[in-house]
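Comments concern the structure below.
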Amino acid sequence: MFDTLPAQIGAAFVVIVCGFAFLKGDEPERIWAGTYILGWFASLLVQDNVESFTTRMIFFGIDVIMLVVLVGLVWKARRTWPTWAAACQLIVVMSHLVAFTDLQSTRAAVITVISLAGYGVLIALAVGTFWAWQERVAAGIE
């Protein structure tokens with residue numbers, strides 16, 4: 001789970017970005033940070049046996065649910081960051097679909113694409129939270 005230094009750095013990045021979104025973000029940022037944390041914990045709970053088809057389907061289901069939440073945020077929020085985050089999350093879902101087919105894709109390549117797209121989602125959340133926070137500061141609300 002968190003046995004390597006890169007895993008610990010990634011976990012710290014997730015906690016810092018989501019904590020920033022909870023503290024300084026508006027409602028869309030908080031909704032997505034909560035969804036991301038719940039999805040992250042859910043995937044940590046089923047991570048023990050990655051080789052089984054059922055586990056891969058659960059990961060796929062978690063990522064599809066997260067994509068649906070992001071599409072809802074794109075639809076309802078007046079911000080641009082959910083669009084970027086949804087695009088990165090769509091790459092994650094498409095990578096799962098490629099992994100389900102037998103198209104000469106290596107497992108390492110699929111995991112790398114999913115990880116990098118996940119960081120793209122977090123970066124979009126961090127930038128969106130910063131912009132929302134700065135808009136409130138400029139308006140004198142905070």
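The way I read the labels, and the way they are meant: chains A, B, ... in the order of the structure tokens, residue 1 as the first residue of every chain, and ligand 1 as the first ligand shown, with later ones counted on from there.
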Please produce, as a tab-separated table, a per-residue contact table for stretch 70-107 of chain A versus stretch 56-66 of chain A (criterion: any atom at most 12 Å away, only C-alpha atoms considered), showing the nearest atom pair and its distance in Å to one decimal, sorted by chain then residue number.
residue	atom	partner	partner_atom	distance
A:Leu70	CA	A:Met66	CA	6.3
A:Val71	CA	A:Met66	CA	8.7
A:Gly72	CA	A:Met66	CA	9.9
A:Leu73	CA	A:Met66	CA	10.6
A:Pro82	CA	A:Met66	CA	11.5
A:Ala85	CA	A:Met66	CA	10.2
A:Ala86	CA	A:Met66	CA	8.8
A:Ala87	CA	A:Met66	CA	11.7
A:Cys88	CA	A:Asp63	CA	11.0
A:Gln89	CA	A:Asp63	CA	7.4
A:Leu90	CA	A:Val64	CA	8.4
A:Ile91	CA	A:Asp63	CA	10.2
A:Val92	CA	A:Asp63	CA	7.2
A:Val93	CA	A:Asp63	CA	6.2
A:Met94	CA	A:Phe60	CA	9.5
A:Ser95	CA	A:Phe60	CA	9.5
A:His96	CA	A:Phe60	CA	6.2
A:Leu97	CA	A:Phe60	CA	8.3
A:Val98	CA	A:Phe60	CA	11.3
A:Ala99	CA	A:Arg56	CA	9.2
A:Phe100	CA	A:Arg56	CA	8.7
A:Arg107	CA	A:Arg56	CA	11.9
What residues in stretch 20-88 of chain A get the DSSP label alpha helix (DSSP H)? Please answer as an MDAnalysis selection string.
-> chainID A and resid 20:24 27:45 53:76 81:88
Spatial neighbours of A:Ala126, max dist 8 Å, only C-alpha atoms, sep filter under 6 positions, as number ranges by chain | A: 17-18, 20-21
Using only C-alpha atoms, the shortest atom-to-atom distance to A:Val15 among A:Ala139, A:Ala109, A:Leu122, A:Ala132 belongs to A:Leu122
Figure out the distance between atom CA of A:Ala11 and atom CA of A:Trp75, please, to one decimal in Å.
-> 29.0 Å
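You can rank A:Ser52, A:Phe22, A:Thr80, A:Thr106 by their closest distance to A:Ile37 using only C-alpha atoms, and at the top of that list sits A:Phe22.
Each of A:Gly128, A:Gly10, A:Gly39, A:Gly140 was compared to A:Leu67 using only C-alpha atoms, and A:Gly39 turns out to be the nearest.
The closest residue to A:Pro6, picked from A:Ser115, A:Asp102, A:Gln134, A:Arg78 and counting only C-alpha atoms, is A:Ser115.
Take atom CA of A:Trp131 and atom CA of A:Val68: the distance between them is 23.2 Å.
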Could you pull the residues within 9 Å of A:Gly19, counting only C-alpha atoms, minus those fewer than 5 positions along the same chain, as an mmCIF file with all heavy atoms, in the first residue's frame?
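Contents of out-v3.cif, as written:
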data_model
loop_
_atom_site.group_PDB
_atom_site.id
_atom_site.type_symbol
_atom_site.label_atom_id
_atom_site.label_comp_id
_atom_site.auth_asym_id
_atom_site.auth_seq_id
_atom_site.Cartn_x
_atom_site.Cartn_y
_atom_site.Cartn_z
ATOM 1 N N VAL A 14 -2.032 13.633 -2.653
ATOM 2 C CA VAL A 14 -3.494 13.517 -2.625
ATOM 3 C C VAL A 14 -4.057 14.206 -1.384
ATOM 4 O O VAL A 14 -5.013 14.985 -1.467
ATOM 5 C CB VAL A 14 -3.926 12.035 -2.672
ATOM 6 C CG1 VAL A 14 -5.409 11.885 -2.362
ATOM 7 C CG2 VAL A 14 -3.599 11.420 -4.009
ATOM 8 N N LYS A 24 -10.035 25.755 1.253
ATOM 9 C CA LYS A 24 -10.114 27.004 0.503
ATOM 10 C C LYS A 24 -11.074 26.972 -0.680
ATOM 11 O O LYS A 24 -11.324 28.004 -1.289
ATOM 12 C CB LYS A 24 -8.719 27.395 -0.012
ATOM 13 C CG LYS A 24 -7.712 27.641 1.074
ATOM 14 C CD LYS A 24 -8.098 28.850 1.887
ATOM 15 C CE LYS A 24 -7.057 29.143 2.955
ATOM 16 N NZ LYS A 24 -7.420 30.294 3.766
ATOM 17 N N ALA A 33 -13.278 16.903 -4.054
ATOM 18 C CA ALA A 33 -12.267 16.418 -3.112
ATOM 19 C C ALA A 33 -12.825 15.259 -2.286
ATOM 20 O O ALA A 33 -12.140 14.254 -2.073
ATOM 21 C CB ALA A 33 -11.800 17.545 -2.200
#
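For the set A:Asp3, A:Pro28, A:Gln47, A:Ile114, the residue with the smallest atom-to-atom gap to A:Trp81 is A:Pro28, counting only C-alpha atoms.
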